[in-house]
file run16.txt (compact mmCIF, C-alpha atoms)
# COMPACT_ATOMS: atom_id res chain seq x y z
CA MET B 1 -54.96 -199.53 209.39
CA PHE B 2 -53.51 -198.06 212.62
CA GLU B 3 -56.01 -199.50 215.09
CA ARG B 4 -53.95 -202.62 215.83
CA PHE B 5 -50.67 -200.71 216.30
CA THR B 6 -49.07 -200.87 219.74
CA ALA B 7 -48.25 -197.55 221.42
CA ALA B 8 -44.55 -197.98 220.48
CA ALA B 9 -45.41 -198.64 216.83
CA ARG B 10 -47.67 -195.58 216.73
CA THR B 11 -44.97 -193.47 218.35
CA ALA B 12 -42.42 -194.65 215.76
CA VAL B 13 -44.70 -193.57 212.90
CA THR B 14 -45.36 -190.22 214.60
CA THR B 15 -41.63 -189.70 215.16
CA ALA B 16 -40.97 -190.52 211.49
CA ALA B 17 -43.65 -188.01 210.46
CA GLY B 18 -41.99 -185.37 212.64
CA ALA B 19 -38.61 -186.11 211.05
CA ALA B 20 -40.09 -185.78 207.55
CA ARG B 21 -41.66 -182.47 208.45
CA ALA B 22 -38.42 -181.24 210.03
CA ALA B 23 -36.56 -182.19 206.83
CA GLY B 24 -38.98 -180.06 204.84
CA THR B 25 -40.50 -182.90 202.80
CA HIS B 26 -44.10 -183.97 202.60
CA GLU B 27 -43.35 -187.65 202.33
CA ILE B 28 -42.53 -189.99 205.19
CA ASP B 29 -39.98 -192.31 203.62
CA LEU B 30 -38.15 -195.41 204.81
CA ASP B 31 -35.22 -193.35 206.11
CA HIS B 32 -37.49 -191.48 208.52
CA LEU B 33 -39.13 -194.72 209.60
CA LEU B 34 -35.82 -196.52 210.09
CA ALA B 35 -34.40 -193.68 212.21
CA ALA B 36 -37.50 -193.87 214.40
CA LEU B 37 -37.46 -197.67 214.65
CA LEU B 38 -33.81 -198.52 215.33
CA PRO B 39 -33.75 -197.11 218.90
CA VAL B 40 -36.93 -198.98 219.88
CA VAL B 41 -36.29 -202.41 218.31
CA PRO B 42 -33.68 -204.27 220.41
CA ALA B 43 -34.06 -207.35 218.17
CA THR B 44 -31.70 -205.73 215.64
CA GLY B 45 -28.89 -206.31 218.15
CA LEU B 46 -27.36 -202.98 217.08
CA SER B 47 -25.67 -200.75 219.66
CA PRO B 48 -26.60 -197.05 219.54
CA ASP B 49 -23.29 -196.42 217.74
CA ALA B 50 -23.95 -199.15 215.19
CA ALA B 51 -27.49 -197.84 214.68
CA GLY B 52 -26.01 -194.38 214.01
CA ALA B 53 -23.61 -195.95 211.52
CA VAL B 54 -26.52 -197.63 209.69
CA LEU B 55 -28.25 -194.26 209.31
CA ALA B 56 -25.01 -192.66 208.11
CA ASP B 57 -24.56 -195.48 205.55
CA LEU B 58 -28.11 -194.90 204.40
CA ALA B 59 -27.54 -191.15 203.96
CA ALA B 60 -24.35 -191.90 202.00
CA ALA B 61 -26.23 -194.33 199.76
CA ARG B 62 -28.95 -191.73 199.10
CA ARG B 63 -26.26 -189.22 198.10
CA ARG B 64 -25.04 -191.59 195.40
CA ALA B 65 -28.38 -191.81 193.61
CA GLY B 66 -29.90 -194.01 196.31
CA LEU B 67 -27.59 -196.91 195.49
CA SER B 68 -26.16 -199.31 198.08
CA ASP B 69 -22.81 -201.11 198.23
CA VAL B 70 -24.45 -204.12 196.60
CA ASP B 71 -25.48 -201.87 193.69
CA ALA B 72 -22.01 -200.32 193.56
CA ARG B 73 -20.40 -203.77 193.27
CA ALA B 74 -22.87 -204.80 190.56
CA LEU B 75 -22.04 -201.61 188.60
CA ALA B 76 -18.30 -202.23 189.10
CA GLU B 77 -18.78 -205.57 187.29
CA LEU B 78 -19.84 -203.48 184.28
CA GLY B 79 -16.77 -201.29 184.65
CA ILE B 80 -18.76 -198.41 186.10
CA ASP B 81 -17.19 -196.62 189.04
CA LEU B 82 -20.24 -195.34 190.92
CA ASP B 83 -18.27 -193.18 193.33
CA GLY B 84 -16.36 -191.74 190.37
CA VAL B 85 -19.61 -190.84 188.60
CA VAL B 86 -21.02 -189.25 191.77
CA ALA B 87 -17.81 -187.28 192.40
CA ALA B 88 -17.78 -185.99 188.80
CA ALA B 89 -21.46 -184.98 189.00
CA GLU B 90 -20.89 -183.20 192.31
CA ARG B 91 -17.85 -181.36 190.90
CA GLU B 92 -19.95 -180.15 188.00
CA LEU B 93 -23.33 -179.63 189.65
CA GLY B 94 -22.62 -179.20 193.32
CA ARG B 95 -22.66 -181.30 196.48
CA GLY B 96 -25.58 -183.69 196.71
CA ALA B 97 -26.29 -183.36 192.96
CA LEU B 98 -27.32 -187.01 192.67
CA THR B 99 -29.10 -187.29 196.01
CA ALA B 100 -32.26 -189.32 195.61
CA ARG B 101 -34.98 -187.05 196.93
CA PRO B 102 -38.66 -187.59 197.36
CA ARG B 103 -40.42 -186.06 194.38
CA ARG B 104 -43.22 -184.50 196.35
CA SER B 105 -42.68 -181.20 198.11
CA GLY B 106 -46.12 -179.86 198.86
CA GLY B 107 -49.56 -180.75 200.07
CA ARG B 108 -50.51 -183.00 202.94
CA LEU B 109 -47.94 -185.14 204.73
CA ARG B 110 -48.25 -188.72 203.52
CA LEU B 111 -46.34 -191.98 203.35
CA ALA B 112 -43.93 -192.47 200.46
CA PRO B 113 -44.87 -195.47 198.28
CA ALA B 114 -42.09 -197.65 199.74
CA ALA B 115 -43.18 -196.74 203.29
CA ARG B 116 -46.76 -197.67 202.42
CA GLU B 117 -45.52 -201.02 201.15
CA ALA B 118 -43.49 -201.49 204.33
CA LEU B 119 -46.60 -200.93 206.47
CA ALA B 120 -48.62 -203.38 204.39
CA ALA B 121 -45.78 -205.92 204.64
CA ALA B 122 -45.60 -205.31 208.42
CA LEU B 123 -49.24 -206.38 208.78
CA GLY B 124 -48.40 -209.53 206.82
CA GLN B 125 -45.38 -210.19 209.05
CA ALA B 126 -47.45 -209.79 212.23
CA ARG B 127 -50.01 -212.23 210.85
CA ALA B 128 -47.32 -214.72 209.79
CA LEU B 129 -45.82 -214.63 213.29
CA GLY B 130 -49.24 -215.17 214.82
CA ASP B 131 -49.31 -211.77 216.55
CA ARG B 132 -52.57 -209.89 216.95
CA GLU B 133 -50.91 -206.55 217.57
CA LEU B 134 -48.67 -204.66 215.20
CA ARG B 135 -45.44 -203.85 217.01
CA ALA B 136 -42.40 -201.74 216.09
CA GLU B 137 -40.56 -205.01 215.35
CA HIS B 138 -43.11 -205.84 212.66
CA LEU B 139 -42.62 -202.42 211.09
CA LEU B 140 -38.90 -203.10 210.78
CA LEU B 141 -39.60 -206.57 209.35
CA GLY B 142 -42.03 -204.99 206.89
CA MET B 143 -39.33 -202.56 205.82
CA LEU B 144 -36.97 -205.48 205.18
CA ALA B 145 -39.68 -207.39 203.30
CA GLN B 146 -40.91 -204.69 200.92
CA ARG B 147 -39.31 -204.57 197.46
CA ALA B 148 -39.95 -200.96 196.41
CA ASP B 149 -36.77 -199.61 198.03
CA ARG B 150 -34.04 -202.12 198.79
CA VAL B 151 -31.44 -199.66 200.10
CA PRO B 152 -32.36 -199.81 203.82
CA ALA B 153 -32.34 -203.65 203.71
CA ASP B 154 -28.94 -203.64 201.98
CA VAL B 155 -27.47 -201.20 204.47
CA LEU B 156 -28.81 -203.21 207.42
CA ALA B 157 -27.57 -206.49 205.92
CA ALA B 158 -24.07 -205.01 205.66
CA ARG B 159 -24.26 -204.54 209.46
CA GLY B 160 -25.55 -208.06 210.04
CA VAL B 161 -29.27 -207.33 210.35
CA THR B 162 -31.51 -209.38 208.06
CA MET B 163 -35.02 -210.77 208.09
CA ALA B 164 -33.59 -214.07 209.39
CA THR B 165 -31.57 -212.55 212.27
CA MET B 166 -34.57 -210.41 213.28
CA ILE B 167 -37.01 -213.32 213.32
CA ALA B 168 -34.54 -215.48 215.27
CA ALA B 169 -34.08 -212.69 217.85
CA LEU B 170 -37.84 -212.23 218.18
CA GLN B 171 -38.39 -215.96 218.69
CA ASP B 172 -35.58 -216.10 221.28
CA ALA B 173 -37.16 -213.15 223.14
CA ARG B 174 -40.53 -214.88 223.08
CA ARG B 175 -39.06 -218.15 224.40
CA GLY B 176 -37.30 -216.17 227.13
CA ALA B 177 -40.55 -214.47 228.09
CA ALA B 178 -42.60 -217.69 228.10
CA MET C 179 -8.76 -228.25 183.45
CA THR C 180 -9.13 -227.32 179.79
CA GLU C 181 -9.97 -223.81 178.80
CA ALA C 182 -13.52 -224.85 177.87
CA THR C 183 -14.26 -226.36 181.28
CA THR C 184 -12.70 -223.36 183.03
CA LEU C 185 -14.99 -221.07 181.05
CA ALA C 186 -17.99 -223.28 181.76
CA ALA C 187 -17.21 -223.21 185.49
CA ALA C 188 -16.83 -219.43 185.43
CA ALA C 189 -20.16 -219.08 183.61
CA ALA C 190 -21.87 -221.35 186.15
CA ASP C 191 -20.48 -219.19 188.97
CA ARG C 192 -22.04 -216.09 187.54
CA ASP C 193 -25.16 -215.12 189.36
CA PRO C 194 -27.79 -213.58 187.04
CA ARG C 195 -28.85 -211.47 190.00
CA THR C 196 -25.64 -209.40 189.78
CA GLY C 197 -26.25 -208.53 186.14
CA LEU C 198 -29.90 -207.69 186.74
CA ARG C 199 -29.01 -205.68 189.79
CA ALA C 200 -26.49 -203.71 187.73
CA VAL C 201 -29.17 -202.88 185.16
CA ALA C 202 -31.56 -201.67 187.87
CA ALA C 203 -28.78 -199.63 189.52
CA LEU C 204 -27.76 -198.11 186.21
CA ARG C 205 -31.36 -197.08 185.57
CA ARG C 206 -31.58 -195.32 188.94
CA LEU C 207 -28.22 -193.65 188.41
CA LEU C 208 -29.38 -192.48 184.99
CA GLU C 209 -32.61 -191.08 186.44
CA GLN C 210 -30.74 -189.03 189.04
CA LEU C 211 -28.18 -187.83 186.49
CA GLU C 212 -30.94 -186.76 184.13
CA ARG C 213 -32.79 -184.93 186.89
CA ALA C 214 -29.62 -183.13 188.01
CA GLN C 215 -28.60 -182.15 184.48
CA VAL C 216 -32.09 -180.95 183.51
CA ARG C 217 -32.35 -178.90 186.71
CA SER C 218 -28.96 -177.36 185.98
CA ALA C 219 -29.91 -176.55 182.38
CA ARG C 220 -33.17 -174.94 183.51
CA GLN C 221 -31.27 -172.82 186.03
CA ALA C 222 -28.95 -171.79 183.20
CA GLY C 223 -32.01 -170.53 181.30
CA TRP C 224 -32.43 -173.34 178.78
CA SER C 225 -35.90 -173.86 177.30
CA TRP C 226 -37.68 -177.24 177.55
CA GLN C 227 -37.31 -177.54 173.78
CA GLU C 228 -33.53 -177.07 173.92
CA ILE C 229 -33.22 -179.64 176.71
CA ALA C 230 -35.48 -182.09 174.84
CA THR C 231 -33.37 -181.78 171.69
CA GLU C 232 -30.16 -182.63 173.59
CA LEU C 233 -31.80 -185.58 175.36
CA GLY C 234 -33.27 -186.85 172.08
CA VAL C 235 -36.85 -186.85 173.34
CA THR C 236 -39.93 -184.71 172.72
CA ARG C 237 -40.50 -181.41 174.50
CA GLN C 238 -43.72 -182.83 175.96
CA ALA C 239 -41.89 -185.85 177.40
CA VAL C 240 -39.19 -183.84 179.12
CA HIS C 241 -41.65 -181.25 180.41
CA LYS C 242 -44.04 -183.87 181.79
CA LYS C 243 -41.19 -185.67 183.54
CA HIS C 244 -39.28 -182.73 184.97
CA ALA C 245 -41.53 -179.70 185.30
CA GLY C 246 -41.97 -178.91 188.96
CA SER C 247 -38.96 -180.97 190.09

call {"tool": "encode", "arguments": {"input": "run16.txt", "output": "structure tokens"}}
result
Amino acid sequence: MFERFTAAARTAVTTAAGAARAAGTHEIDLDHLLAALLPVVPATGLSPDAAGAVLADLAAARRRAGLSDVDARALAELGIDLDGVVAAAERELGRGALTARPRRSGGRLRLAPAAREALAAALGQARALGDRELRAEHLLLGMLAQRADRVPADVLAARGVTMATMIAALQDARRGAA
Amino acid sequence: MTEATTLAAAAADRDPRTGLRAVAALRRLLEQLERAQVRSARQAGWSWQEIATELGVTRQAVHKKHAGS
């Protein structure tokens, strides 16, 4: 699967693996991948500060059961105050009580299911864009395209980064280069 | 506008996606709450059977789902 990766795309996956290991988990998840990709994908248009804010938003969403602002608004429509539930659980059970954690904590380092889906989707994105190589940009597109874990896409969308803005930026870059 | 047409307009505005999204979010919230409460009960020395009784499921179900987490 990795043979068509560019050096930057390989490095991003290796960096994500290092972050997973440093965090003491045995699963490389989308959060690790996103942290590795944001600094090397200028097509997001995010400044370093904004990229940091995206990662902070993501960590905050994970702390409330892995739910994004979109989820929180949907729950509010039902009369459920997500932040209230999280605060009550943390009061009773301690800080981070509802943090969505990877289930696996042993064995060989491997990709979390959502990260595997993101990689598969990245190959599809590269093909759809007519690219022979798999670049870091495609990995980010794959992350936005996969459906197993919508939180990173929601968090990015809240900062103005979507599939559409990414593809437009990539096409602009290509026109500029041609 | 009559009340009926106001209601019809409001219903048409409602996006099914929001309701479905809320269900999915609630399920994930429930999963995390269950995991946190079971972990806490185990730390407090509760048996799998006692936890299962409170959750209204079988001992096997709760053990299979939460043992090792």

call {"tool": "closest_residue", "arguments": {"input": "run16.txt", "among": "B:Gly24, B:Pro39, B:Gly107, B:Gly84", "to": "Ala8 in chain B", "atoms": "all atoms listed in the file"}}
result
B:Pro39

call {"tool": "atom_distance", "arguments": {"input": "run16.txt", "atom1": "CA of Gln221 in chain C", "atom2": "CA of Asp83 in chain B"}}
result
25.2 Å

call {"tool": "atom_distance", "arguments": {"input": "run16.txt", "atom1": "CA of Leu93 in chain B", "atom2": "CA of Val235 in chain C"}}
result
22.4 Å

call {"tool": "residues_around", "arguments": {"input": "run16.txt", "residues": "Leu233 in chain C", "least_positions_apart": "6", "cutoff": "10 Å", "atoms": "all atoms listed in the file", "output": "count of residues only"}}
result
4

call {"tool": "closest_atom_pairs", "arguments": {"input": "run16.txt", "of": "chain C", "to": "chain B", "cutoff": "9 Å", "atoms": "all atoms listed in the file", "output": "CSV"}}
result
residue,atom,partner,partner_atom,distance
C:Arg195,CA,B:Ala74,CA,9.0
C:Thr196,CA,B:Ala74,CA,5.4
C:Gly197,CA,B:Ala74,CA,6.7
C:Leu198,CA,B:Ala74,CA,8.5
C:Arg199,CA,B:Ala74,CA,6.3
C:Ala200,CA,B:Ala74,CA,4.7
C:Val201,CA,B:Leu75,CA,8.0
C:Ala202,CA,B:Asp71,CA,8.4
C:Ala203,CA,B:Asp71,CA,5.8
C:Leu204,CA,B:Leu75,CA,7.1
C:Arg206,CA,B:Ala65,CA,6.7
C:Leu207,CA,B:Ala65,CA,5.5
C:Leu208,CA,B:Ala65,CA,8.7
C:Glu209,CA,B:Ala65,CA,8.4
C:Gln210,CA,B:Leu98,CA,5.4
C:Leu211,CA,B:Leu98,CA,6.3
C:Arg213,CA,B:Leu98,CA,8.2
C:Ala214,CA,B:Ala97,CA,6.0
C:Gln215,CA,B:Leu93,CA,7.8
C:Ser218,CA,B:Leu93,CA,7.1
C:Ser247,CA,B:Arg103,CA,6.8

call {"tool": "write_last_selection", "arguments": {"input": "run16.txt", "atoms": "C-alpha atoms", "output": "PDB file, in the frame of the given file"}}
result
ATOM      1  CA  ARG C 195     -28.850-211.470 190.000  1.00  0.00           C
ATOM      2  CA  THR C 196     -25.640-209.400 189.780  1.00  0.00           C
ATOM      3  CA  GLY C 197     -26.250-208.530 186.140  1.00  0.00           C
ATOM      4  CA  LEU C 198     -29.900-207.690 186.740  1.00  0.00           C
ATOM      5  CA  ARG C 199     -29.010-205.680 189.790  1.00  0.00           C
ATOM      6  CA  ALA C 200     -26.490-203.710 187.730  1.00  0.00           C
ATOM      7  CA  VAL C 201     -29.170-202.880 185.160  1.00  0.00           C
ATOM      8  CA  ALA C 202     -31.560-201.670 187.870  1.00  0.00           C
ATOM      9  CA  ALA C 203     -28.780-199.630 189.520  1.00  0.00           C
ATOM     10  CA  LEU C 204     -27.760-198.110 186.210  1.00  0.00           C
ATOM     11  CA  ARG C 206     -31.580-195.320 188.940  1.00  0.00           C
ATOM     12  CA  LEU C 207     -28.220-193.650 188.410  1.00  0.00           C
ATOM     13  CA  LEU C 208     -29.380-192.480 184.990  1.00  0.00           C
ATOM     14  CA  GLU C 209     -32.610-191.080 186.440  1.00  0.00           C
ATOM     15  CA  GLN C 210     -30.740-189.030 189.040  1.00  0.00           C
ATOM     16  CA  LEU C 211     -28.180-187.830 186.490  1.00  0.00           C
ATOM     17  CA  ARG C 213     -32.790-184.930 186.890  1.00  0.00           C
ATOM     18  CA  ALA C 214     -29.620-183.130 188.010  1.00  0.00           C
ATOM     19  CA  GLN C 215     -28.600-182.150 184.480  1.00  0.00           C
ATOM     20  CA  SER C 218     -28.960-177.360 185.980  1.00  0.00           C
ATOM     21  CA  SER C 247     -38.960-180.970 190.090  1.00  0.00           C
TER      22      SER C 247
END

call {"tool": "atom_distance", "arguments": {"input": "run16.txt", "atom1": "CA of Met163 in chain B", "atom2": "CA of Asp29 in chain B"}}
result
19.6 Å

call {"tool": "residues_around", "arguments": {"input": "run16.txt", "residues": "range 42-58 of chain B", "least_positions_apart": "3", "cutoff": "7 Å", "atoms": "all atoms listed in the file", "output": "CSV table (one decimal) with C-alpha atoms, in the coordinates of the input"}}
result
chain,number,residue,atom,x,y,z
B,35,ALA,CA,-34.4,-193.7,212.2
B,38,LEU,CA,-33.8,-198.5,215.3
B,61,ALA,CA,-26.2,-194.3,199.8
B,62,ARG,CA,-29.0,-191.7,199.1
B,152,PRO,CA,-32.4,-199.8,203.8
B,155,VAL,CA,-27.5,-201.2,204.5
B,156,LEU,CA,-28.8,-203.2,207.4
B,161,VAL,CA,-29.3,-207.3,210.4
B,166,MET,CA,-34.6,-210.4,213.3
B,169,ALA,CA,-34.1,-212.7,217.8
B,170,LEU,CA,-37.8,-212.2,218.2

call {"tool": "residues_around", "arguments": {"input": "run16.txt", "residues": "Leu144 in chain B", "least_positions_apart": "6", "cutoff": "12 Å", "atoms": "only C-alpha atoms", "output": "PyMOL selection string"}}
result
chain B and resi 30+33-34+44+114-115+117-122+125+137-138+150-157+161-167

call {"tool": "axis_aligned_box", "arguments": {"input": "run16.txt", "around": "range 45-59 of chain B", "padding_each_side": "8 Å", "output": "JSON"}}
result
{"center_x": -26.1, "center_y": -198.7, "center_z": 211.8, "size_x": 21.6, "size_y": 31.2, "size_z": 31.7}

call {"tool": "residues_around", "arguments": {"input": "run16.txt", "residues": "Thr6 in chain B", "least_positions_apart": "5", "cutoff": "10 Å", "atoms": "all atoms listed in the file", "output": "ChimeraX atom specification"}}
result
/B:11-12,133-136
